[in-house]
file run20.cif (mmCIF, C-alpha atoms)
data_protein
loop_
_atom_site.label_atom_id
_atom_site.label_comp_id
_atom_site.auth_asym_id
_atom_site.auth_seq_id
_atom_site.Cartn_x
_atom_site.Cartn_y
_atom_site.Cartn_z
CA MET A 1 -68.41 3.65 -38.78
CA ASN A 2 -68.34 -0.03 -39.62
CA SER A 3 -70.51 -2.07 -37.32
CA GLU A 4 -70.17 -5.69 -38.33
CA ARG A 5 -72.69 -7.94 -36.68
CA VAL A 6 -71.43 -11.18 -35.23
CA PRO A 7 -74.08 -13.89 -35.40
CA GLN A 8 -75.09 -15.14 -31.97
CA LYS A 9 -76.51 -18.52 -31.15
CA ALA A 10 -80.06 -18.16 -29.97
CA LEU A 11 -80.68 -20.04 -26.74
CA GLU A 12 -77.26 -21.60 -26.49
CA ASP A 13 -77.41 -24.80 -24.44
CA ILE A 14 -74.53 -24.80 -21.98
CA LYS A 15 -73.69 -28.14 -20.42
CA LEU A 16 -73.54 -27.80 -16.63
CA ASN A 17 -71.21 -29.70 -14.38
CA VAL A 18 -72.96 -32.27 -12.17
CA LYS A 19 -71.67 -30.47 -9.06
CA LEU A 20 -73.40 -27.26 -10.14
CA LYS A 21 -76.66 -29.14 -10.76
CA LEU A 22 -76.47 -30.67 -7.27
CA VAL A 23 -75.72 -27.29 -5.68
CA ALA A 24 -78.75 -25.78 -7.46
CA LEU A 25 -81.04 -28.63 -6.39
CA TRP A 26 -80.00 -28.37 -2.71
CA ALA A 27 -80.41 -24.58 -2.80
CA SER A 28 -83.90 -24.96 -4.30
CA LEU A 29 -84.77 -27.49 -1.61
CA MET A 30 -83.67 -25.06 1.10
CA PHE A 31 -85.85 -22.29 -0.35
CA PHE A 32 -88.85 -24.62 -0.16
CA VAL A 33 -88.02 -25.62 3.42
CA ILE A 34 -87.72 -22.00 4.51
CA TYR A 35 -90.88 -20.82 2.74
CA LEU A 36 -92.95 -23.76 3.96
CA ASP A 37 -91.93 -22.95 7.53
CA TYR A 38 -92.77 -19.31 6.92
CA PHE A 39 -96.18 -20.06 5.37
CA HIS A 40 -96.88 -22.40 8.29
CA LEU A 41 -97.09 -19.29 10.49
CA TYR A 42 -100.12 -18.11 8.47
CA MET A 43 -102.16 -21.20 9.30
CA PRO A 44 -104.89 -20.39 11.84
CA GLY A 45 -103.85 -21.04 15.43
CA LYS A 46 -100.17 -21.74 14.73
CA ILE A 47 -98.82 -18.54 16.27
CA GLU A 48 -100.95 -19.19 19.37
CA GLU A 49 -99.46 -22.71 19.58
CA ILE A 50 -95.96 -21.28 19.34
CA LEU A 51 -96.75 -18.68 22.00
CA ALA A 52 -98.08 -21.52 24.19
CA GLY A 53 -94.74 -23.31 23.78
CA LYS A 54 -95.88 -26.07 21.42
CA MET A 55 -94.49 -27.20 18.08
CA PHE A 56 -96.78 -29.86 16.59
CA VAL A 57 -97.13 -32.20 19.59
CA PHE A 58 -93.73 -31.33 21.06
CA ASP A 59 -92.84 -28.76 23.70
CA ILE A 60 -90.63 -25.97 22.43
CA THR A 61 -87.38 -26.34 24.36
CA GLN A 62 -83.75 -25.60 23.70
CA VAL A 63 -83.28 -29.27 22.84
CA SER A 64 -86.21 -29.38 20.37
CA LEU A 65 -84.99 -26.20 18.65
CA LEU A 66 -81.45 -27.58 18.49
CA ALA A 67 -82.80 -30.83 17.02
CA GLY A 68 -84.76 -28.87 14.41
CA LEU A 69 -81.71 -26.81 13.51
CA ALA A 70 -79.51 -29.92 13.34
CA THR A 71 -82.00 -31.57 10.99
CA ILE A 72 -82.02 -28.60 8.62
CA THR A 73 -78.24 -28.13 8.86
CA ILE A 74 -77.69 -31.25 6.76
CA PRO A 75 -79.37 -30.05 3.53
CA ALA A 76 -78.05 -26.53 4.12
CA LEU A 77 -74.49 -27.86 4.23
CA MET A 78 -75.11 -30.00 1.16
CA ILE A 79 -75.16 -26.80 -0.91
CA SER A 80 -71.49 -26.14 -0.19
CA LEU A 81 -70.47 -29.79 0.20
CA SER A 82 -71.80 -30.55 -3.29
CA ALA A 83 -69.42 -27.94 -4.66
CA ALA A 84 -66.42 -28.84 -2.50
CA LEU A 85 -66.28 -32.60 -1.98
CA PRO A 86 -64.18 -34.80 -4.27
CA ASP A 87 -66.27 -36.52 -6.95
CA LYS A 88 -66.52 -40.02 -5.46
CA ALA A 89 -67.32 -38.80 -1.94
CA ASN A 90 -69.66 -36.18 -3.41
CA ARG A 91 -71.59 -38.75 -5.38
CA TRP A 92 -72.23 -41.06 -2.42
CA THR A 93 -72.83 -38.26 0.08
CA ASN A 94 -75.53 -36.79 -2.17
CA ILE A 95 -77.22 -40.16 -2.70
CA ILE A 96 -77.19 -41.12 0.99
CA VAL A 97 -78.26 -37.74 2.35
CA ALA A 98 -81.08 -37.39 -0.22
CA VAL A 99 -82.40 -40.90 0.54
CA VAL A 100 -82.25 -40.29 4.29
CA TYR A 101 -83.82 -36.83 4.06
CA ILE A 102 -86.97 -37.92 2.16
CA PRO A 103 -88.61 -39.39 5.31
CA PHE A 104 -87.98 -36.11 7.18
CA ILE A 105 -89.94 -34.27 4.50
CA LEU A 106 -92.79 -36.77 4.60
CA PHE A 107 -92.90 -36.58 8.43
CA ASN A 108 -93.92 -32.93 8.06
CA LEU A 109 -97.19 -34.17 6.55
CA ALA A 110 -98.09 -36.00 9.77
CA GLY A 111 -101.13 -34.55 11.46
CA GLU A 112 -102.76 -31.63 9.73
CA ALA A 113 -101.55 -31.47 6.12
CA TRP A 114 -102.81 -28.53 4.12
CA VAL A 115 -102.61 -28.43 0.31
CA HIS A 116 -99.61 -26.09 0.33
CA MET A 117 -97.76 -28.54 2.60
CA VAL A 118 -98.50 -31.49 0.30
CA PHE A 119 -97.46 -29.47 -2.74
CA GLY A 120 -94.23 -28.42 -0.99
CA ALA A 121 -93.48 -32.00 0.06
CA VAL A 122 -94.03 -33.27 -3.49
CA VAL A 123 -91.69 -30.62 -4.90
CA GLN A 124 -89.06 -31.36 -2.24
CA VAL A 125 -89.22 -35.11 -2.89
CA VAL A 126 -88.90 -34.47 -6.64
CA LEU A 127 -85.84 -32.28 -5.99
CA LEU A 128 -84.29 -35.03 -3.85
CA VAL A 129 -85.07 -37.70 -6.45
CA LEU A 130 -83.28 -35.48 -8.98
CA VAL A 131 -80.31 -35.23 -6.60
CA ILE A 132 -80.24 -39.02 -6.38
CA TRP A 133 -80.64 -39.35 -10.16
CA TYR A 134 -77.85 -36.93 -11.08
CA ALA A 135 -75.51 -38.35 -8.44
CA TRP A 136 -76.27 -41.93 -9.49
CA LYS A 137 -75.75 -41.18 -13.19
CA TRP A 138 -72.58 -39.21 -12.47
CA PRO A 139 -69.88 -40.66 -14.72
CA GLN A 140 -67.51 -42.72 -12.67
CA GLN A 141 -63.91 -41.79 -13.34
CA LYS A 142 -61.46 -44.51 -14.15
CA PHE A 143 -58.47 -44.12 -11.88
CA THR A 144 -55.19 -44.99 -13.54
CA THR A 145 -52.13 -45.03 -11.37
CA GLY A 146 -49.85 -47.02 -13.64
CA HIS A 147 -49.53 -49.74 -10.99
CA PHE A 148 -52.35 -51.96 -12.18
#
call {"tool": "encode", "arguments": {"input": "run20.cif", "output": "structure tokens"}}
result
Amino acid sequence: MNSERVPQKALEDIKLNVKLKLVALWASLMFFVIYLDYFHLYMPGKIEEILAGKMFVFDITQVSLLAGLATITIPALMISLSAALPDKANRWTNIIVAVVYIPFILFNLAGEAWVHMVFGAVVQVVLLVLVIWYAWKWPQQKFTTGHF
């Protein structure tokens, strides 16, 4: 039995497509959003506030829940849009949505901000800055049509 060993590269560095990097960043952001909301339930008095129909200073209504869902729909859709959009539209959509979404994250620190909330906000802002960075540095393709 001849078992020849083929040398393998240790820790091979595979270059990832920018779209895949953006998808991963948006997915990571969504995990943080979900877990921060989940951990929020463990803060003293929060479940009682929810049972009393309050969310921060707002009444819990169908409209407020729809607004919350609409707000989180944007980064959730960015996971698939980052994979599916054409390059030029993808680049600008990622930059614009990331820039616009940063204030939403910082708004969550209004009022009572515990350490885990500040940590989560910092990580989320870093993820969005990376989205902006990768999208901004994305190589722009030269379009040649033969007419110019």
call {"tool": "resolve_selection", "arguments": {"input": "run20.cif", "expression": "the PyMOL selection byres ((chain A and resi 135-140) around 7)", "output": "PyMOL selection string"}}
result
chain A and resi 18+91+94-95+131-134+141-142
call {"tool": "residues_around", "arguments": {"input": "run20.cif", "residues": "Ile47 of chain A", "least_positions_apart": "6", "cutoff": "12 Å", "atoms": "only C-alpha atoms", "output": "number ranges by chain"}}
result
A: 37-41, 53-56
call {"tool": "closest_residue", "arguments": {"input": "run20.cif", "among": "A:Leu36, A:Met30, A:Ile102, A:Leu16", "to": "Phe119 of chain A", "atoms": "all atoms listed in the file"}}
result
A:Leu36
call {"tool": "resolve_selection", "arguments": {"input": "run20.cif", "expression": "the PyMOL selection byres ((chain A and resi 81-86) around 10)", "output": "mmCIF file with C-alpha atoms, keeping the file's coordinate frame"}}
result
data_model
loop_
_atom_site.group_PDB
_atom_site.id
_atom_site.type_symbol
_atom_site.label_atom_id
_atom_site.label_comp_id
_atom_site.auth_asym_id
_atom_site.auth_seq_id
_atom_site.Cartn_x
_atom_site.Cartn_y
_atom_site.Cartn_z
ATOM 1 C CA VAL A 18 -72.960 -32.270 -12.170
ATOM 2 C CA LYS A 19 -71.670 -30.470 -9.060
ATOM 3 C CA LEU A 20 -73.400 -27.260 -10.140
ATOM 4 C CA LYS A 21 -76.660 -29.140 -10.760
ATOM 5 C CA LEU A 22 -76.470 -30.670 -7.270
ATOM 6 C CA VAL A 23 -75.720 -27.290 -5.680
ATOM 7 C CA ALA A 24 -78.750 -25.780 -7.460
ATOM 8 C CA LEU A 25 -81.040 -28.630 -6.390
ATOM 9 C CA TRP A 26 -80.000 -28.370 -2.710
ATOM 10 C CA ILE A 74 -77.690 -31.250 6.760
ATOM 11 C CA PRO A 75 -79.370 -30.050 3.530
ATOM 12 C CA ALA A 76 -78.050 -26.530 4.120
ATOM 13 C CA LEU A 77 -74.490 -27.860 4.230
ATOM 14 C CA MET A 78 -75.110 -30.000 1.160
ATOM 15 C CA ILE A 79 -75.160 -26.800 -0.910
ATOM 16 C CA SER A 80 -71.490 -26.140 -0.190
ATOM 17 C CA ASP A 87 -66.270 -36.520 -6.950
ATOM 18 C CA LYS A 88 -66.520 -40.020 -5.460
ATOM 19 C CA ALA A 89 -67.320 -38.800 -1.940
ATOM 20 C CA ASN A 90 -69.660 -36.180 -3.410
ATOM 21 C CA ARG A 91 -71.590 -38.750 -5.380
ATOM 22 C CA THR A 93 -72.830 -38.260 0.080
ATOM 23 C CA ASN A 94 -75.530 -36.790 -2.170
#
call {"tool": "closest_residue", "arguments": {"input": "run20.cif", "among": "A:Ile96, A:Val122, A:Ile105, A:Leu130", "to": "Val33 of chain A", "atoms": "only C-alpha atoms"}}
result
A:Ile105
call {"tool": "closest_residue", "arguments": {"input": "run20.cif", "among": "A:Ile50, A:Met43, A:Ala67, A:Val57", "to": "Gly111 of chain A", "atoms": "all atoms listed in the file"}}
result
A:Val57
call {"tool": "atom_distance", "arguments": {"input": "run20.cif", "atom1": "atom CA of Val99 of chain A", "atom2": "atom CA of Leu128 of chain A"}}
result
7.6 Å
call {"tool": "axis_aligned_box", "arguments": {"input": "run20.cif", "around": "segment 101-118 of chain A", "padding_each_side": "8 Å", "output": "lines of an AutoDock Vina configuration file"}}
result
center_x = -93.3
center_y = -32.7
center_z = 5.9
size_x = 35.0
size_y = 29.3
size_z = 27.2
call {"tool": "atom_distance", "arguments": {"input": "run20.cif", "atom1": "atom CA of Thr71 of chain A", "atom2": "atom CA of Glu48 of chain A"}}
result
24.1 Å
call {"tool": "build_atoms", "arguments": {"input": "run20.cif", "residues": "segment 88-122 of chain A", "atoms": "N, CA and C atoms", "output": "mmCIF file, in the frame of the given file"}}
result
data_model
loop_
_atom_site.group_PDB
_atom_site.id
_atom_site.type_symbol
_atom_site.label_atom_id
_atom_site.label_comp_id
_atom_site.auth_asym_id
_atom_site.auth_seq_id
_atom_site.Cartn_x
_atom_site.Cartn_y
_atom_site.Cartn_z
ATOM 1 N N LYS A 88 -66.011 -38.742 -5.976
ATOM 2 C CA LYS A 88 -66.520 -40.020 -5.460
ATOM 3 C C LYS A 88 -67.258 -39.825 -4.140
ATOM 4 N N ALA A 89 -66.666 -39.073 -3.218
ATOM 5 C CA ALA A 89 -67.320 -38.800 -1.940
ATOM 6 C C ALA A 89 -68.581 -37.964 -2.153
ATOM 7 N N ASN A 90 -68.531 -37.042 -3.086
ATOM 8 C CA ASN A 90 -69.660 -36.180 -3.410
ATOM 9 C C ASN A 90 -70.837 -36.999 -3.900
ATOM 10 N N ARG A 91 -70.544 -37.912 -4.790
ATOM 11 C CA ARG A 91 -71.590 -38.750 -5.380
ATOM 12 C C ARG A 91 -72.335 -39.517 -4.288
ATOM 13 N N TRP A 92 -71.592 -40.228 -3.444
ATOM 14 C CA TRP A 92 -72.230 -41.060 -2.420
ATOM 15 C C TRP A 92 -72.851 -40.241 -1.305
ATOM 16 N N THR A 93 -72.257 -39.126 -0.949
ATOM 17 C CA THR A 93 -72.830 -38.260 0.080
ATOM 18 C C THR A 93 -74.187 -37.725 -0.387
ATOM 19 N N ASN A 94 -74.266 -37.292 -1.639
ATOM 20 C CA ASN A 94 -75.530 -36.790 -2.170
ATOM 21 C C ASN A 94 -76.599 -37.878 -2.203
ATOM 22 N N ILE A 95 -76.239 -39.066 -2.638
ATOM 23 C CA ILE A 95 -77.220 -40.160 -2.700
ATOM 24 C C ILE A 95 -77.719 -40.507 -1.304
ATOM 25 N N ILE A 96 -76.812 -40.693 -0.363
ATOM 26 C CA ILE A 96 -77.190 -41.120 0.990
ATOM 27 C C ILE A 96 -78.013 -40.046 1.698
ATOM 28 N N VAL A 97 -77.550 -38.809 1.649
ATOM 29 C CA VAL A 97 -78.260 -37.740 2.350
ATOM 30 C C VAL A 97 -79.652 -37.536 1.743
ATOM 31 N N ALA A 98 -79.773 -37.571 0.425
ATOM 32 C CA ALA A 98 -81.080 -37.390 -0.220
ATOM 33 C C ALA A 98 -82.036 -38.519 0.170
ATOM 34 N N VAL A 99 -81.550 -39.759 0.165
ATOM 35 C CA VAL A 99 -82.400 -40.900 0.540
ATOM 36 C C VAL A 99 -82.842 -40.783 1.991
ATOM 37 N N VAL A 100 -81.937 -40.407 2.864
ATOM 38 C CA VAL A 100 -82.250 -40.290 4.290
ATOM 39 C C VAL A 100 -83.175 -39.107 4.557
ATOM 40 N N TYR A 101 -83.055 -38.044 3.795
ATOM 41 C CA TYR A 101 -83.820 -36.830 4.060
ATOM 42 C C TYR A 101 -85.277 -36.931 3.600
ATOM 43 N N ILE A 102 -85.595 -37.787 2.652
ATOM 44 C CA ILE A 102 -86.970 -37.920 2.160
ATOM 45 C C ILE A 102 -87.961 -38.225 3.298
ATOM 46 N N PRO A 103 -87.672 -39.160 4.204
ATOM 47 C CA PRO A 103 -88.610 -39.390 5.310
ATOM 48 C C PRO A 103 -88.827 -38.166 6.208
ATOM 49 N N PHE A 104 -87.803 -37.327 6.394
ATOM 50 C CA PHE A 104 -87.980 -36.110 7.180
ATOM 51 C C PHE A 104 -89.016 -35.194 6.535
ATOM 52 N N ILE A 105 -88.978 -35.108 5.222
ATOM 53 C CA ILE A 105 -89.940 -34.270 4.500
ATOM 54 C C ILE A 105 -91.351 -34.840 4.662
ATOM 55 N N LEU A 106 -91.472 -36.143 4.505
ATOM 56 C CA LEU A 106 -92.790 -36.770 4.600
ATOM 57 C C LEU A 106 -93.341 -36.708 6.025
ATOM 58 N N PHE A 107 -92.458 -36.702 7.034
ATOM 59 C CA PHE A 107 -92.900 -36.580 8.430
ATOM 60 C C PHE A 107 -93.638 -35.264 8.645
ATOM 61 N N ASN A 108 -93.256 -34.229 7.919
ATOM 62 C CA ASN A 108 -93.920 -32.930 8.060
ATOM 63 C C ASN A 108 -95.382 -32.968 7.632
ATOM 64 N N LEU A 109 -95.790 -34.029 6.946
ATOM 65 C CA LEU A 109 -97.190 -34.170 6.550
ATOM 66 C C LEU A 109 -98.018 -34.870 7.623
ATOM 67 N N ALA A 110 -97.369 -35.345 8.682
ATOM 68 C CA ALA A 110 -98.090 -36.000 9.770
ATOM 69 C C ALA A 110 -99.013 -34.994 10.434
ATOM 70 N N GLY A 111 -100.169 -35.455 10.824
ATOM 71 C CA GLY A 111 -101.130 -34.550 11.460
ATOM 72 C C GLY A 111 -101.911 -33.782 10.415
ATOM 73 N N GLU A 112 -101.980 -32.484 10.610
ATOM 74 C CA GLU A 112 -102.760 -31.630 9.730
ATOM 75 C C GLU A 112 -101.923 -31.248 8.509
ATOM 76 N N ALA A 113 -102.291 -31.755 7.344
ATOM 77 C CA ALA A 113 -101.550 -31.470 6.120
ATOM 78 C C ALA A 113 -102.416 -30.649 5.176
ATOM 79 N N TRP A 114 -102.101 -29.395 5.045
ATOM 80 C CA TRP A 114 -102.810 -28.530 4.120
ATOM 81 C C TRP A 114 -102.258 -28.724 2.709
ATOM 82 N N VAL A 115 -102.993 -28.245 1.714
ATOM 83 C CA VAL A 115 -102.610 -28.430 0.310
ATOM 84 C C VAL A 115 -101.227 -27.854 0.034
ATOM 85 N N HIS A 116 -100.923 -26.691 0.590
ATOM 86 C CA HIS A 116 -99.610 -26.090 0.330
ATOM 87 C C HIS A 116 -98.492 -26.959 0.906
ATOM 88 N N MET A 117 -98.762 -27.655 2.004
ATOM 89 C CA MET A 117 -97.760 -28.540 2.600
ATOM 90 C C MET A 117 -97.533 -29.778 1.721
ATOM 91 N N VAL A 118 -98.608 -30.324 1.186
ATOM 92 C CA VAL A 118 -98.500 -31.490 0.300
ATOM 93 C C VAL A 118 -97.766 -31.097 -0.978
ATOM 94 N N PHE A 119 -98.137 -29.959 -1.546
ATOM 95 C CA PHE A 119 -97.460 -29.470 -2.740
ATOM 96 C C PHE A 119 -95.962 -29.292 -2.472
ATOM 97 N N GLY A 120 -95.632 -28.638 -1.361
ATOM 98 C CA GLY A 120 -94.230 -28.420 -0.990
ATOM 99 C C GLY A 120 -93.486 -29.725 -0.797
ATOM 100 N N ALA A 121 -94.126 -30.697 -0.156
ATOM 101 C CA ALA A 121 -93.480 -32.000 0.060
ATOM 102 C C ALA A 121 -93.232 -32.704 -1.263
ATOM 103 N N VAL A 122 -94.196 -32.632 -2.172
ATOM 104 C CA VAL A 122 -94.030 -33.270 -3.490
ATOM 105 C C VAL A 122 -92.847 -32.629 -4.223
#
